$ cat run-v1.cif   # mmCIF, C-alpha atoms
data_structure
loop_
_atom_site.label_atom_id
_atom_site.label_comp_id
_atom_site.auth_asym_id
_atom_site.auth_seq_id
_atom_site.Cartn_x
_atom_site.Cartn_y
_atom_site.Cartn_z
CA HIS A 14 17.63 -1.67 4.99
CA PRO A 15 18.41 -0.60 1.46
CA TRP A 16 15.93 1.62 -0.34
CA GLU A 17 14.79 -1.13 -2.75
CA THR A 18 13.91 -3.42 0.14
CA VAL A 19 12.01 -0.71 1.99
CA THR A 20 10.12 0.38 -1.12
CA THR A 21 9.12 -3.19 -2.00
CA ALA A 22 7.91 -3.71 1.58
CA ALA A 23 6.01 -0.42 1.58
CA MET A 24 4.04 -1.54 -1.47
CA GLN A 25 3.02 -4.66 0.47
CA LYS A 26 2.65 -3.04 3.85
CA TYR A 27 -0.76 -4.47 4.72
CA PRO A 28 -1.68 -6.67 6.48
CA ASN A 29 0.71 -6.35 9.39
CA PRO A 30 0.19 -6.74 13.12
CA MET A 31 1.00 -3.09 13.87
CA ASN A 32 -1.93 -1.84 11.80
CA PRO A 33 -4.75 -4.20 12.67
CA SER A 34 -7.38 -1.64 11.78
CA VAL A 35 -6.54 -1.72 8.07
CA VAL A 36 -8.94 -4.28 6.66
CA GLY A 37 -8.77 -3.64 2.94
CA VAL A 38 -6.42 -2.27 0.33
CA ASP A 39 -7.27 -1.65 -3.30
CA VAL A 40 -5.45 -0.12 -6.21
CA LEU A 41 -7.69 2.42 -7.90
CA HIS A 42 -5.29 3.50 -10.57
CA ARG A 43 -1.71 2.93 -11.53
CA HIS A 44 0.43 4.24 -14.32
CA ILE A 45 4.01 5.08 -15.27
CA ASP A 46 4.40 8.72 -16.21
CA PRO A 47 6.54 9.93 -19.14
CA SER A 48 9.53 10.41 -16.82
CA GLY A 49 9.38 6.76 -15.73
CA LYS A 50 7.90 7.28 -12.28
CA LEU A 51 5.27 4.83 -11.07
CA HIS A 52 2.11 6.46 -9.73
CA SER A 53 -0.33 4.43 -7.69
CA HIS A 54 -3.63 5.57 -6.26
CA ARG A 55 -4.85 3.26 -3.55
CA LEU A 56 -7.85 3.05 -1.28
CA LEU A 57 -7.38 1.74 2.23
CA SER A 58 -10.35 0.68 4.33
CA THR A 59 -10.00 0.84 8.07
CA GLU A 60 -12.22 -0.48 10.81
CA TRP A 61 -11.67 1.05 14.22
CA GLY A 62 -13.30 -1.56 16.45
CA ILE A 63 -16.20 0.67 17.40
CA PRO A 64 -18.29 -0.86 20.20
CA SER A 65 -21.25 -2.78 18.85
CA ILE A 66 -23.75 -0.57 20.65
CA VAL A 67 -22.48 2.40 18.71
CA LYS A 68 -22.58 0.39 15.52
CA SER A 69 -26.21 -0.48 16.14
CA LEU A 70 -27.00 3.22 16.49
CA ILE A 71 -25.16 4.58 13.49
CA GLY A 72 -25.33 1.54 11.26
CA THR A 73 -22.51 -0.76 10.32
CA CYS A 74 -21.88 0.83 6.92
CA ARG A 75 -20.60 3.94 8.67
CA THR A 76 -17.98 2.26 10.83
CA LYS A 77 -15.39 2.05 8.11
CA THR A 78 -13.19 5.00 7.33
CA TYR A 79 -11.27 5.23 4.14
CA VAL A 80 -7.86 6.57 3.32
CA GLN A 81 -6.81 7.68 -0.11
CA GLU A 82 -3.13 7.17 -0.86
CA HIS A 83 -1.10 8.47 -3.79
CA SER A 84 2.42 7.11 -4.11
CA VAL A 85 5.15 7.96 -6.58
CA VAL A 86 8.21 5.75 -7.01
CA ASP A 87 11.18 7.07 -8.97
CA PRO A 88 13.51 4.14 -9.66
CA VAL A 89 16.22 6.38 -11.11
CA LYS A 90 16.41 9.01 -8.37
CA LYS A 91 15.45 6.34 -5.79
CA THR A 92 12.70 8.18 -4.03
CA MET A 93 9.32 7.00 -2.89
CA GLU A 94 6.77 9.57 -1.87
CA LEU A 95 3.47 8.69 -0.25
CA LYS A 96 0.67 11.15 0.31
CA SER A 97 -2.43 10.00 2.08
CA SER A 98 -5.54 11.65 3.39
CA ASN A 99 -8.52 10.17 5.08
CA ILE A 100 -11.95 10.34 3.55
CA SER A 101 -14.92 9.61 5.70
CA PHE A 102 -18.57 10.20 5.79
CA THR A 103 -18.40 12.86 8.44
CA ASN A 104 -15.48 14.92 7.15
CA LEU A 105 -14.97 16.47 10.56
CA VAL A 106 -11.39 15.52 10.99
CA SER A 107 -9.01 15.17 8.13
CA VAL A 108 -5.50 13.89 8.39
CA ASP A 109 -3.08 14.34 5.55
CA GLU A 110 0.20 12.52 5.73
CA ARG A 111 3.27 12.75 3.60
CA LEU A 112 6.10 10.22 3.71
CA VAL A 113 9.28 10.22 1.66
CA TYR A 114 11.71 7.28 1.52
CA LYS A 115 15.19 7.93 0.18
CA PRO A 116 18.50 6.08 0.40
CA HIS A 117 20.73 7.30 3.20
CA PRO A 118 23.21 9.74 1.57
CA HIS A 119 26.26 8.19 3.30
CA GLN A 120 25.17 4.65 4.08
CA PRO A 121 23.72 3.00 0.97
CA ASP A 122 22.36 0.01 2.87
CA LYS A 123 20.05 2.28 4.87
CA THR A 124 16.94 4.24 4.01
CA ILE A 125 15.78 7.57 5.42
CA LEU A 126 12.13 8.29 6.01
CA THR A 127 10.75 11.78 6.49
CA GLN A 128 7.19 11.99 7.63
CA GLU A 129 4.79 14.84 8.24
CA ALA A 130 1.13 15.02 9.07
CA ILE A 131 -1.37 17.84 8.81
CA ILE A 132 -4.43 17.54 10.99
CA SER A 133 -7.49 19.68 10.40
CA VAL A 134 -10.53 19.67 12.60
CA LYS A 135 -13.63 21.49 11.44
CA GLY A 136 -15.86 23.61 13.66
CA VAL A 137 -15.58 21.60 16.86
CA SER A 138 -14.78 23.27 20.19
CA LEU A 139 -12.83 20.20 21.28
CA SER A 140 -10.45 20.91 18.45
CA SER A 141 -7.32 21.62 20.45
CA TYR A 142 -7.86 18.55 22.63
CA LEU A 143 -8.52 16.40 19.59
CA GLU A 144 -5.52 17.80 17.80
CA GLY A 145 -3.28 17.02 20.77
CA LEU A 146 -4.65 13.50 20.86
CA MET A 147 -4.19 13.08 17.11
CA ALA A 148 -0.66 14.46 17.21
CA ASN A 149 0.35 11.94 19.88
CA THR A 150 -1.24 9.12 17.96
CA ILE A 151 0.44 10.18 14.75
CA SER A 152 3.89 10.40 16.26
CA SER A 153 3.53 6.98 17.85
CA ASN A 154 2.16 5.76 14.54
CA ALA A 155 5.34 6.95 12.86
CA ASN A 156 7.28 4.47 14.98
CA LYS A 157 4.66 1.83 14.35
CA GLY A 158 5.06 2.45 10.62
CA ARG A 159 8.76 1.67 10.83
CA GLU A 160 8.08 -1.45 12.88
CA ALA A 161 5.42 -2.50 10.38
CA LEU A 162 7.86 -2.30 7.46
CA GLU A 163 10.47 -4.18 9.50
CA TRP A 164 7.89 -6.93 9.99
CA VAL A 165 7.01 -7.05 6.29
CA ILE A 166 10.70 -7.17 5.32
CA ASN A 167 11.27 -10.10 7.69
CA ARG A 168 8.24 -11.88 6.29
CA LEU A 169 9.43 -11.41 2.69
CA ASN A 170 12.92 -12.65 3.63
CA ALA A 171 11.46 -15.70 5.34
CA GLU A 172 9.40 -16.49 2.24
CA ILE A 173 12.51 -16.24 0.06
CA GLU A 174 14.46 -18.48 2.48
CA GLU A 175 11.69 -21.05 2.48
CA PHE A 176 11.52 -21.05 -1.29
CA ALA A 177 15.32 -21.38 -1.61
CA ALA A 178 15.42 -24.20 0.95
CA SER A 179 12.74 -26.17 -0.84
CA ALA A 180 14.47 -25.55 -4.20
CA ARG A 181 17.75 -26.83 -2.74
CA GLY A 182 15.95 -29.90 -1.40
CA THR A 183 14.38 -30.57 -4.78
CA MET A 184 17.73 -30.17 -6.59
CA ARG A 185 19.49 -32.52 -4.18
CA ASN A 186 16.79 -35.11 -4.65
CA SER A 187 16.96 -34.91 -8.43
CA MET A 188 20.77 -35.04 -8.41
CA ALA A 189 20.69 -38.08 -6.15
CA ALA A 190 18.10 -39.69 -8.42
CA ALA A 191 20.21 -38.91 -11.51
CA ALA A 192 23.35 -40.34 -9.86
CA PHE A 193 21.41 -43.47 -8.92
CA VAL A 194 20.13 -43.89 -12.46
CA GLU A 195 23.63 -43.45 -13.94
CA LYS A 196 24.97 -46.29 -11.82
CA MET B 13 -5.40 -8.56 2.58
CA ASN B 14 -8.96 -8.15 1.43
CA SER B 15 -10.43 -5.87 -1.15
CA VAL B 16 -13.02 -3.21 -0.35
CA GLY B 17 -15.38 -5.35 -2.38
CA GLU B 18 -15.56 -8.85 -0.97
CA ALA B 19 -16.04 -10.34 -4.43
CA CYS B 20 -12.85 -8.71 -5.69
CA THR B 21 -10.43 -10.22 -3.20
CA GLU B 22 -9.36 -13.14 -5.39
CA LEU B 23 -8.81 -10.89 -8.42
CA LYS B 24 -6.90 -8.53 -6.21
CA ARG B 25 -4.63 -11.32 -4.93
CA GLU B 26 -3.79 -12.46 -8.45
CA TYR B 27 -3.02 -8.94 -9.56
CA ASP B 28 -0.98 -8.17 -6.44
CA GLN B 29 1.18 -11.25 -6.90
CA CYS B 30 1.89 -10.27 -10.49
CA PHE B 31 2.54 -6.64 -9.64
CA ASN B 32 4.80 -7.30 -6.62
CA ARG B 33 6.99 -9.60 -8.66
CA TRP B 34 7.30 -7.15 -11.55
CA PHE B 35 7.88 -4.22 -9.20
CA ALA B 36 10.76 -5.83 -7.29
CA GLU B 37 12.37 -7.73 -10.15
CA LYS B 38 11.94 -5.32 -13.04
CA PHE B 39 10.76 -1.85 -12.22
CA LEU B 40 13.12 -1.12 -9.31
CA LYS B 41 16.06 -2.51 -11.28
CA GLY B 42 15.42 -0.01 -14.04
CA ASP B 43 14.00 -2.50 -16.50
CA SER B 44 11.65 -0.42 -18.56
CA ALA B 45 9.75 -3.40 -19.92
CA GLU B 46 5.98 -3.09 -20.00
CA ASP B 47 4.04 -4.01 -16.90
CA PRO B 48 2.79 -7.55 -17.71
CA CYS B 49 -0.13 -7.33 -15.33
CA GLY B 50 -2.40 -5.15 -17.48
CA GLN B 51 -5.09 -7.75 -18.15
CA LEU B 52 -5.29 -8.84 -14.52
CA PHE B 53 -5.50 -5.23 -13.46
CA LYS B 54 -8.37 -4.46 -15.83
CA ARG B 55 -10.49 -7.30 -14.48
CA TYR B 56 -9.69 -6.38 -10.89
CA GLN B 57 -10.42 -2.70 -11.54
CA LEU B 58 -13.86 -3.34 -13.00
CA CYS B 59 -14.77 -5.25 -9.88
CA VAL B 60 -13.47 -2.52 -7.56
CA GLN B 61 -15.26 0.25 -9.47
CA LYS B 62 -18.52 -1.59 -9.01
CA ALA B 63 -17.91 -2.16 -5.30
CA ILE B 64 -17.08 1.51 -4.71
CA LYS B 65 -20.27 2.63 -6.44
CA GLU B 66 -22.30 0.15 -4.49
CA LYS B 67 -20.83 1.21 -1.18
CA ASP B 68 -21.06 4.86 -2.06
CA ILE B 69 -17.48 5.61 -1.08
CA PRO B 70 -16.82 9.30 -1.69
CA ILE B 71 -13.59 9.21 -3.65
CA GLU B 72 -12.82 12.66 -4.91
CA GLY B 73 -13.00 12.32 -8.63
CA LEU B 74 -9.65 10.72 -9.21
CA GLU B 75 -10.75 7.26 -9.98
CA PHE B 76 -10.78 5.82 -13.45
CA MET B 77 -9.00 8.80 -14.91
CA GLY B 78 -6.31 8.11 -17.45
CA PRO B 79 -2.62 8.90 -17.07
CA SER B 80 -3.24 12.48 -18.20
CA LYS B 81 -4.83 13.31 -14.86
CA GLY B 82 -2.33 15.00 -12.57
CA LYS B 83 -2.78 15.80 -8.88
CA THR B 84 -6.21 15.35 -7.44
CA GLU B 85 -8.08 18.52 -6.66
CA ASN B 86 -9.28 18.33 -3.11
CA SER B 87 -12.38 20.31 -2.43
CA SER B 88 -12.95 20.61 1.27
#
$ encode --input "run-v1.cif" --output "structure tokens"
Amino acid sequence: HPWETVTTAAMQKYPNPMNPSVVGVDVLHRHIDPSGKLHSHRLLSTEWGIPSIVKSLIGTCRTKTYVQEHSVVDPVKKTMELKSSNISFTNLVSVDERLVYKPHPHQPDKTILTQEAIISVKGVSLSSYLEGLMANTISSNANKGREALEWVINRLNAEIEEFAASARGTMRNSMAAAAFVEK
Amino acid sequence: MNSVGEACTELKREYDQCFNRWFAEKFLKGDSAEDPCGQLFKRYQLCVQKAIKEKDIPIEGLEFMGPSKGKTENSS
């Protein structure tokens, strides 16, 4: 898909069925810098479906984790960069992700995504096991991310189609009515 | 999609609709016209700020800073 389509979809990525754990998205701050790039700081709330017995032990207010996301869109150079890191009450594991969307250099109707993640685990002896687990999850999430945008793009296209179809219907009706009146 | 503050969801939806339209139809096409959603955003922001304080979400100092604030400084 062209870069503009992917970027528009990325701004409206949630909700989508591939990321059911994202339950809230908020824009904390947004501005256009002097060079014309749009900066957005967003807060994502995620709920991981923790079993209710655990919830009753640790309290429901601690079952949400939050992700801070900073995105920069350059409409001239056609790049979109997303940096996100999780913030949570325990701060044991932090995951920083960086995604960059750019038009394909040789095929302008395609977009290239580069994605990297940095996982840090603090002071836990299970760290290498956890890191392995996280790395697997993150690489399968990368695929999920692409599928999620595909889903959003299809949804946006369907909405446009629906709107156009109803507009056509309305125009036909009013033309028929006008023709009838003229007679 | 909901807001982190349940009360802010409607304000968020109004702002999002305005922003998404402007983003796709103006900003990406290089139209440097002003973002028309400023008022909606202000109202939505006030609500979100309150919700974040109430829920004690530990955002690292970036919120509510003006455009002069550059990269966030992560202290971990």
$ interface_residues --input "run-v1.cif" --of "chain A" --to "chain B" --cutoff "6 Å" --atoms "only C-alpha atoms" --output "ChimeraX atom specification"
/A:28,37-39,88
$ atom_distance --input "run-v1.cif" --atom1 "CA of Leu57 in chain A" --atom2 "CA of Glu163 in chain A"
20.2 Å
$ residues_near_point --input "run-v1.cif" --point "(17.4, 9.1, -0.1)" --cutoff "9 Å" --atoms "all atoms listed in the file" --output "ChimeraX atom specification"
/A:16,90-93,113-118,121,123-126
$ atom_distance --input "run-v1.cif" --atom1 "CA of Ile45 in chain A" --atom2 "CA of Thr18 in chain A"
20.2 Å
$ atom_distance --input "run-v1.cif" --atom1 "CA of Lys26 in chain A" --atom2 "CA of Pro47 in chain A"
26.7 Å
$ resolve_selection --input "run-v1.cif" --expression "the PyMOL selection byres ((chain A and resi 161) around 10)" --output "short mmCIF file (atom, residue, chain, number, x, y, z; two decimals) with C-alpha atoms, keeping the file's coordinate frame"
data_model
loop_
_atom_site.label_atom_id
_atom_site.label_comp_id
_atom_site.auth_asym_id
_atom_site.auth_seq_id
_atom_site.Cartn_x
_atom_site.Cartn_y
_atom_site.Cartn_z
CA ALA A 22 7.91 -3.71 1.58
CA ALA A 23 6.01 -0.42 1.58
CA LYS A 26 2.65 -3.04 3.85
CA TYR A 27 -0.76 -4.47 4.72
CA PRO A 28 -1.68 -6.67 6.48
CA ASN A 29 0.71 -6.35 9.39
CA PRO A 30 0.19 -6.74 13.12
CA MET A 31 1.00 -3.09 13.87
CA ASN A 32 -1.93 -1.84 11.80
CA ASN A 154 2.16 5.76 14.54
CA ALA A 155 5.34 6.95 12.86
CA ASN A 156 7.28 4.47 14.98
CA LYS A 157 4.66 1.83 14.35
CA GLY A 158 5.06 2.45 10.62
CA ARG A 159 8.76 1.67 10.83
CA GLU A 160 8.08 -1.45 12.88
CA LEU A 162 7.86 -2.30 7.46
CA GLU A 163 10.47 -4.18 9.50
CA TRP A 164 7.89 -6.93 9.99
CA VAL A 165 7.01 -7.05 6.29
CA ILE A 166 10.70 -7.17 5.32
CA ASN A 167 11.27 -10.10 7.69
#
$ closest_residue --input "run-v1.cif" --among "A:Asn170, A:Ser58, A:Thr127, A:Gln120" --to "Asn99 in chain A" --atoms "all atoms listed in the file"
A:Ser58
$ resolve_selection --input "run-v1.cif" --expression "the PyMOL selection byres ((chain A and resi 108) around 8)" --output "mmCIF file with C-alpha atoms, in the frame of the given file"
data_model
loop_
_atom_site.group_PDB
_atom_site.id
_atom_site.type_symbol
_atom_site.label_atom_id
_atom_site.label_comp_id
_atom_site.auth_asym_id
_atom_site.auth_seq_id
_atom_site.Cartn_x
_atom_site.Cartn_y
_atom_site.Cartn_z
ATOM 1 C CA SER A 98 -5.540 11.650 3.390
ATOM 2 C CA ASN A 99 -8.520 10.170 5.080
ATOM 3 C CA VAL A 106 -11.390 15.520 10.990
ATOM 4 C CA SER A 107 -9.010 15.170 8.130
ATOM 5 C CA ASP A 109 -3.080 14.340 5.550
ATOM 6 C CA GLU A 110 0.200 12.520 5.730
ATOM 7 C CA ALA A 130 1.130 15.020 9.070
ATOM 8 C CA ILE A 131 -1.370 17.840 8.810
ATOM 9 C CA ILE A 132 -4.430 17.540 10.990
ATOM 10 C CA SER A 133 -7.490 19.680 10.400
#
$ axis_aligned_box --input "run-v1.cif" --around "range 21-39 of chain B" --padding-each-side "5 Å" --output "AutoDock Vina command-line options"
--center_x 1.0 --center_y -7.5 --center_z -8.1 --size_x 32.8 --size_y 21.3 --size_z 19.8
$ resolve_selection --input "run-v1.cif" --expression "the PyMOL selection byres ((chain A and resi 48-52) around 7)" --output "MDAnalysis selection string"
chainID A and resid 43:47 53:54 84:88
